[in-house]
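Quick look at protein_15.cif (mmCIF, C-alpha atoms):
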data_work
#
loop_
_atom_site.group_PDB
_atom_site.id
_atom_site.type_symbol
_atom_site.label_atom_id
_atom_site.label_comp_id
_atom_site.auth_asym_id
_atom_site.auth_seq_id
_atom_site.Cartn_x
_atom_site.Cartn_y
_atom_site.Cartn_z
ATOM 1 C CA MET A 1 18.101 -4.085 -23.889
ATOM 2 C CA ASN A 2 16.450 -3.537 -20.530
ATOM 3 C CA GLU A 3 14.486 -6.559 -19.379
ATOM 4 C CA LYS A 4 11.127 -5.714 -17.856
ATOM 5 C CA ILE A 5 9.322 -8.107 -15.566
ATOM 6 C CA ASN A 6 5.949 -7.077 -14.125
ATOM 7 C CA GLY A 7 6.480 -3.568 -15.522
ATOM 8 C CA ILE A 8 9.728 -3.191 -13.548
ATOM 9 C CA ASP A 9 13.011 -2.498 -15.371
ATOM 10 C CA VAL A 10 15.190 -5.189 -13.784
ATOM 11 C CA ASN A 11 18.456 -3.423 -14.704
ATOM 12 C CA ALA A 12 17.229 -0.155 -13.188
ATOM 13 C CA LEU A 13 16.077 -2.046 -10.077
ATOM 14 C CA ASN A 14 19.490 -3.679 -9.657
ATOM 15 C CA SER A 15 21.275 -0.364 -10.328
ATOM 16 C CA THR A 16 19.138 1.368 -7.710
ATOM 17 C CA ILE A 17 19.855 -1.349 -5.148
ATOM 18 C CA GLU A 18 23.601 -1.077 -5.854
ATOM 19 C CA ALA A 19 23.488 2.724 -5.595
ATOM 20 C CA VAL A 20 21.758 2.471 -2.200
ATOM 21 C CA LYS A 21 24.331 -0.093 -1.018
ATOM 22 C CA GLN A 22 27.088 2.369 -1.957
ATOM 23 C CA ASN A 23 25.279 5.415 -0.543
ATOM 24 C CA PRO A 24 22.487 4.477 1.937
ATOM 25 C CA VAL A 25 21.356 8.112 2.258
ATOM 26 C CA LEU A 26 19.716 7.673 -1.188
ATOM 27 C CA ALA A 27 17.118 5.474 0.505
ATOM 28 C CA LYS A 28 16.079 8.173 2.998
ATOM 29 C CA CYS A 29 12.735 9.660 1.970
ATOM 30 C CA THR A 30 10.107 11.876 3.518
ATOM 31 C CA PHE A 31 6.627 11.745 2.031
ATOM 32 C CA SER A 32 4.095 14.427 2.868
ATOM 33 C CA THR A 33 0.466 15.302 2.334
ATOM 34 C CA ARG A 34 -1.600 18.435 2.793
ATOM 35 C CA THR A 35 -5.228 17.968 3.793
ATOM 36 C CA PHE A 36 -7.901 20.649 3.522
ATOM 37 C CA TRP A 37 -10.990 20.115 5.671
ATOM 38 C CA LYS A 38 -14.258 21.101 4.003
ATOM 39 C CA LYS A 39 -17.047 20.209 6.451
ATOM 40 C CA GLY A 40 -18.087 17.266 8.563
ATOM 41 C CA PHE A 41 -15.962 14.330 7.467
ATOM 42 C CA GLN A 42 -15.306 15.812 4.019
ATOM 43 C CA ASN A 43 -11.748 16.717 3.147
ATOM 44 C CA GLN A 44 -9.340 16.752 0.236
ATOM 45 C CA THR A 45 -5.705 15.706 0.455
ATOM 46 C CA GLU A 46 -3.053 16.864 -1.992
ATOM 47 C CA ILE A 47 0.237 15.124 -2.667
ATOM 48 C CA SER A 48 2.777 16.700 -4.999
ATOM 49 C CA SER A 49 6.389 16.219 -4.000
ATOM 50 C CA PHE A 50 8.608 14.249 -1.647
ATOM 51 C CA VAL A 51 12.118 14.487 -0.273
ATOM 52 C CA GLN A 52 14.777 11.919 -1.201
ATOM 53 C CA ALA A 53 18.332 12.098 0.122
ATOM 54 C CA GLY A 54 17.625 15.606 1.415
ATOM 55 C CA GLU A 55 16.452 16.927 -1.976
ATOM 56 C CA THR A 56 12.882 17.843 -2.897
ATOM 57 C CA VAL A 57 11.623 15.785 -5.829
ATOM 58 C CA LYS A 58 8.850 17.573 -7.723
ATOM 59 C CA ARG A 59 6.490 15.244 -9.548
ATOM 60 C CA GLY A 60 5.123 17.867 -11.913
ATOM 61 C CA LYS A 61 1.549 17.190 -10.828
ATOM 62 C CA THR A 62 -0.603 17.179 -7.732
ATOM 63 C CA PHE A 63 -2.526 14.057 -6.773
ATOM 64 C CA LYS A 64 -5.831 14.564 -4.967
ATOM 65 C CA ILE A 65 -7.552 12.139 -2.640
ATOM 66 C CA GLY A 66 -10.996 12.879 -1.238
ATOM 67 C CA GLY A 67 -12.212 11.740 2.135
ATOM 68 C CA ASP A 68 -15.653 11.452 3.723
ATOM 69 C CA HIS A 69 -17.834 8.904 5.507
ATOM 70 C CA PRO A 70 -20.873 6.966 4.328
ATOM 71 C CA GLU A 71 -24.191 8.638 5.099
ATOM 72 C CA GLY A 72 -25.006 6.048 7.773
ATOM 73 C CA LEU A 73 -21.834 7.122 9.594
ATOM 74 C CA LEU A 74 -22.622 10.867 9.569
ATOM 75 C CA GLY A 75 -20.935 11.633 6.240
ATOM 76 C CA GLN A 76 -22.187 12.725 2.831
ATOM 77 C CA ASN A 77 -20.741 9.702 0.947
ATOM 78 C CA THR A 78 -18.686 11.895 -1.428
ATOM 79 C CA ALA A 79 -15.449 9.924 -1.029
ATOM 80 C CA PRO A 80 -13.995 6.912 0.795
ATOM 81 C CA ALA A 81 -13.593 6.920 4.567
ATOM 82 C CA ALA A 82 -10.024 7.352 5.809
ATOM 83 C CA VAL A 83 -9.849 3.718 6.964
ATOM 84 C CA GLU A 84 -10.877 2.626 3.457
ATOM 85 C CA THR A 85 -8.046 4.715 2.020
ATOM 86 C CA LEU A 86 -5.679 3.115 4.544
ATOM 87 C CA ILE A 87 -6.803 -0.354 3.468
ATOM 88 C CA ALA A 88 -6.395 0.665 -0.189
ATOM 89 C CA ALA A 89 -2.868 1.924 0.556
ATOM 90 C CA THR A 90 -2.107 -1.421 2.186
ATOM 91 C CA SER A 91 -3.212 -3.426 -0.852
ATOM 92 C CA ALA A 92 -1.450 -1.027 -3.248
ATOM 93 C CA CYS A 93 1.801 -1.386 -1.330
ATOM 94 C CA ILE A 94 1.554 -5.183 -1.282
ATOM 95 C CA ALA A 95 0.817 -5.149 -5.044
ATOM 96 C CA GLY A 96 3.895 -3.007 -5.641
ATOM 97 C CA GLY A 97 5.910 -5.496 -3.619
ATOM 98 C CA PHE A 98 4.626 -8.355 -5.760
ATOM 99 C CA ALA A 99 5.757 -6.503 -8.910
ATOM 100 C CA THR A 100 9.147 -5.409 -7.570
ATOM 101 C CA PHE A 101 10.209 -8.488 -5.628
ATOM 102 C CA GLY A 102 8.712 -10.700 -8.328
ATOM 103 C CA ALA A 103 10.916 -8.938 -10.885
ATOM 104 C CA ALA A 104 13.954 -9.361 -8.619
ATOM 105 C CA MET A 105 13.162 -13.087 -8.244
ATOM 106 C CA GLY A 106 12.405 -13.535 -11.959
ATOM 107 C CA VAL A 107 8.770 -14.363 -11.161
ATOM 108 C CA LYS A 108 6.379 -13.134 -13.862
ATOM 109 C CA ILE A 109 2.951 -11.997 -12.695
ATOM 110 C CA ASP A 110 0.230 -12.234 -15.346
ATOM 111 C CA SER A 111 -2.463 -10.705 -13.151
ATOM 112 C CA LEU A 112 -2.900 -9.731 -9.529
ATOM 113 C CA LYS A 113 -6.002 -8.764 -7.554
ATOM 114 C CA ILE A 114 -6.012 -8.056 -3.830
ATOM 115 C CA ASP A 115 -9.259 -8.010 -1.857
ATOM 116 C CA LEU A 116 -8.807 -6.653 1.676
ATOM 117 C CA GLU A 117 -11.250 -5.770 4.419
ATOM 118 C CA GLY A 118 -10.686 -4.252 7.835
ATOM 119 C CA ASP A 119 -12.607 -4.626 11.070
ATOM 120 C CA ILE A 120 -13.300 -1.646 13.310
ATOM 121 C CA ASP A 121 -15.464 -1.102 16.382
ATOM 122 C CA LEU A 122 -16.554 2.540 16.233
ATOM 123 C CA GLN A 123 -17.117 2.598 20.009
ATOM 124 C CA GLY A 124 -13.402 3.421 20.221
ATOM 125 C CA PHE A 125 -13.767 6.440 17.914
ATOM 126 C CA MET A 126 -16.916 7.582 19.699
ATOM 127 C CA GLY A 127 -15.346 7.175 23.135
ATOM 128 C CA THR A 128 -18.271 5.097 24.420
ATOM 129 C CA ASP A 129 -16.078 2.186 25.588
ATOM 130 C CA GLN A 130 -12.601 2.984 26.888
ATOM 131 C CA LYS A 131 -11.506 -0.653 26.385
ATOM 132 C CA VAL A 132 -12.061 -0.440 22.618
ATOM 133 C CA ARG A 133 -9.250 0.894 20.400
ATOM 134 C CA PRO A 134 -10.358 3.550 17.896
ATOM 135 C CA GLY A 135 -8.476 1.911 15.014
ATOM 136 C CA LEU A 136 -8.774 -1.194 12.913
ATOM 137 C CA SER A 137 -8.423 -4.448 14.824
ATOM 138 C CA LYS A 138 -7.493 -6.538 11.808
ATOM 139 C CA ILE A 139 -7.039 -6.409 8.047
ATOM 140 C CA ARG A 140 -7.564 -9.633 6.149
ATOM 141 C CA GLY A 141 -8.211 -10.767 2.634
ATOM 142 C CA LYS A 142 -7.146 -12.740 -0.395
ATOM 143 C CA ILE A 143 -4.488 -12.192 -3.009
ATOM 144 C CA TYR A 144 -5.429 -13.645 -6.398
ATOM 145 C CA VAL A 145 -2.421 -14.135 -8.642
ATOM 146 C CA LYS A 146 -2.029 -15.660 -12.104
ATOM 147 C CA SER A 147 1.533 -16.689 -12.745
ATOM 148 C CA PRO A 148 3.551 -19.491 -14.323
ATOM 149 C CA ALA A 149 5.540 -19.631 -11.050
ATOM 150 C CA SER A 150 5.293 -22.509 -8.597
ATOM 151 C CA ASP A 151 3.130 -22.352 -5.476
ATOM 152 C CA LYS A 152 6.330 -22.260 -3.401
ATOM 153 C CA GLN A 153 7.738 -19.288 -5.346
ATOM 154 C CA LEU A 154 4.457 -17.389 -5.041
ATOM 155 C CA GLN A 155 4.230 -18.088 -1.312
ATOM 156 C CA GLU A 156 7.795 -16.766 -0.879
ATOM 157 C CA LEU A 157 6.875 -13.722 -2.963
ATOM 158 C CA LYS A 158 3.710 -13.100 -0.906
ATOM 159 C CA GLU A 159 5.647 -13.299 2.345
ATOM 160 C CA MET A 160 8.334 -10.948 1.033
ATOM 161 C CA ALA A 161 5.811 -8.429 -0.367
ATOM 162 C CA GLU A 162 4.026 -8.268 2.993
ATOM 163 C CA LYS A 163 7.126 -8.352 5.207
ATOM 164 C CA MET A 164 8.903 -5.640 3.197
ATOM 165 C CA SER A 165 5.807 -3.447 2.739
ATOM 166 C CA PRO A 166 6.333 -0.001 4.276
ATOM 167 C CA VAL A 167 2.565 0.348 4.759
ATOM 168 C CA VAL A 168 2.081 -3.050 6.419
ATOM 169 C CA ASP A 169 5.071 -2.361 8.660
ATOM 170 C CA SER A 170 3.595 1.022 9.620
ATOM 171 C CA LEU A 171 0.290 -0.461 10.769
ATOM 172 C CA ASN A 172 -0.409 -1.486 14.331
ATOM 173 C CA VAL A 173 -2.747 -4.287 13.291
ATOM 174 C CA PRO A 174 -2.131 -7.778 11.988
ATOM 175 C CA VAL A 175 -2.570 -8.119 8.238
ATOM 176 C CA GLN A 176 -3.671 -11.627 7.295
ATOM 177 C CA THR A 177 -4.058 -12.663 3.681
ATOM 178 C CA GLU A 178 -4.513 -15.890 1.777
ATOM 179 C CA LEU A 179 -2.778 -16.476 -1.547
ATOM 180 C CA VAL A 180 -5.015 -17.803 -4.345
ATOM 181 C CA HIS A 181 -2.921 -19.015 -7.317
ATOM 182 C CA GLU A 182 -5.130 -18.703 -10.381
ATOM 183 C CA ARG A 183 -3.843 -21.102 -12.998
ATOM 184 C CA ASN A 184 -3.299 -19.927 -16.570
#
Output the structure of this file as structure tokens.
Amino acid sequence: MNEKINGIDVNALNSTIEAVKQNPVLAKCTFSTRTFWKKGFQNQTEISSFVQAGETVKRGKTFKIGGDHPEGLLGQNTAPAAVETLIAATSACIAGGFATFGAAMGVKIDSLKIDLEGDIDLQGFMGTDQKVRPGLSKIRGKIYVKSPASDKQLQELKEMAEKMSPVVDSLNVPVQTELVHERN
């Protein structure tokens, strides 16, 4: 019987890790997107396949993500702004880390909610102040987790999920979160 913790098949996880140890090329992936601009800030991105170990992996479906800006920032408010999608990707990646590394550590997660927010000074984007970066200056938030695990285990899990997050590692801004252990 395959044990599942946090929705992760622990045997499959361990088998995958062993396979990568034996053949590291299995861990080499290229993810891609295709974005179609509509007008103004409106666009639609499609994601359908990726490359793993040099082979194209077809998912059998195409995921679509819309983009726009709020009306007060010259958009039509038809979809999230790109920085909001980036922040969402950050929290999704950290959540996936909680599930995966929690499973590897034997830490059961009953529920998990991540609230993140990012600060940006749009003078950088507008080019009105050359000393201001156009990107986010910081992402911060709280991670609410219900778990029978100890505070120490959850803190270790939080640190691992953030440190090993491909999205967090790809960002050029500090990501600061606070762990909130919600008792059962």
Would you mind listing, for every residue of stretch 131-168 of chain A within 12 Å of stretch 75-85 of chain A, the two atoms forming the shortest contact and the distance between them in Å to one decimal, using only C-alpha atoms, sorted by chain and ascending residue number, as a Markdown table?
| residue | atom | partner | partner_atom | distance |
| --- | --- | --- | --- | --- |
| A:Pro134 | CA | A:Val83 | CA | 10.9 |
| A:Gly135 | CA | A:Val83 | CA | 8.4 |
| A:Leu136 | CA | A:Val83 | CA | 7.8 |
| A:Ser137 | CA | A:Val83 | CA | 11.4 |
| A:Lys138 | CA | A:Val83 | CA | 11.6 |
| A:Ile139 | CA | A:Val83 | CA | 10.6 |
| A:Val167 | CA | A:Thr85 | CA | 11.8 |
Item to complete: Evaluate the PyMOL selection byres ((chain A and resi 109) around 9) here and jot the selected residues down as number ranges by chain.
Response: A: 5-6, 98-99, 102-103, 107-108, 110-112, 145-149
Item to complete: Translate the PyMOL selection byres ((chain A and resi 28) around 9), as applied to the file shown, into an explicit residue set as a list in words.
Response: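 With the shown file as input, the PyMOL selection byres ((chain A and resi 28) around 9) matches Pro24, Val25, Leu26, Ala27, Cys29, Thr30, Val51, Gln52, Ala53 and Gly54 of chain A.
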Given the selection you just returned, output its residues as a file containing C-alpha atoms, formatted as a PDB file, in the coordinates of the input.
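Below you can see result-v2.pdb, which holds the result:
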ATOM      1  CA  PRO A  24      22.487   4.477   1.937  1.00  0.00           C
ATOM      2  CA  VAL A  25      21.356   8.112   2.258  1.00  0.00           C
ATOM      3  CA  LEU A  26      19.716   7.673  -1.188  1.00  0.00           C
ATOM      4  CA  ALA A  27      17.118   5.474   0.505  1.00  0.00           C
ATOM      5  CA  CYS A  29      12.735   9.660   1.970  1.00  0.00           C
ATOM      6  CA  THR A  30      10.107  11.876   3.518  1.00  0.00           C
ATOM      7  CA  VAL A  51      12.118  14.487  -0.273  1.00  0.00           C
ATOM      8  CA  GLN A  52      14.777  11.919  -1.201  1.00  0.00           C
ATOM      9  CA  ALA A  53      18.332  12.098   0.122  1.00  0.00           C
ATOM     10  CA  GLY A  54      17.625  15.606   1.415  1.00  0.00           C
TER      11      GLY A  54
END
Fill in: Nearest to A:Leu154 by atom-to-atom distance, counting all atoms listed in the file, from A:His181, A:Val168, A:Ala104, A:Thr128
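That would be A:His181, the residue with the smallest distance to A:Leu154.
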Practice prompt. Could you tell me which of A:Asn14, A:Pro70, A:Ile8, A:Asp115 comes closest to A:Ala92 if we count all atoms listed in the file?
Written response: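 For A:Ala92, the nearest of the candidates is A:Asp115.
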Discussion item. Could you tell me, as a list in words, exactly which residues end up selected when the PyMOL selection byres ((chain A and resi 164) around 12) is applied to this structure?
Written reply: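 For this structure, the PyMOL selection byres ((chain A and resi 164) around 12) resolves to Thr90, Cys93, Ile94, Ala95, Gly96, Gly97, Phe98, Thr100, Phe101, Glu156, Leu157, Lys158, Glu159, Met160, Ala161, Glu162, Lys163, Ser165, Pro166, Val167, Val168, Asp169 and Ser170 of chain A.
Considering all atoms listed in the file, the residue among A:Glu55, A:Asp121, A:Glu18, A:Glu71 positioned nearest to A:Phe41 is A:Glu71.
Residues of protein, DNA or RNA having at least one counted atom within 8 Å of (-4.2, -11.8, -1.3), given only C-alpha atoms, are Lys113, Ile114, Asp115, Leu116, Gly141, Lys142, Ile143, Tyr144, Val145, Thr177, Glu178, Leu179 and Val180 of chain A.
The two atoms in question, atom CA of A:Lys39 and atom CA of A:Leu74, are spaced 11.3 Å apart.
With atom CA of A:Ala89 on one side and atom CA of A:Lys131 on the other, the separation reads 27.4 Å.
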Item to complete: Pick out the closest residue to A:Phe36 from this set: A:Ile65, A:Met126, A:Val20, A:Leu73. Count all atoms listed in the file.
Response: A:Ile65
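Taking atom CA of A:Glu117 and atom CA of A:Asp68 as endpoints, the distance between them is 17.8 Å.
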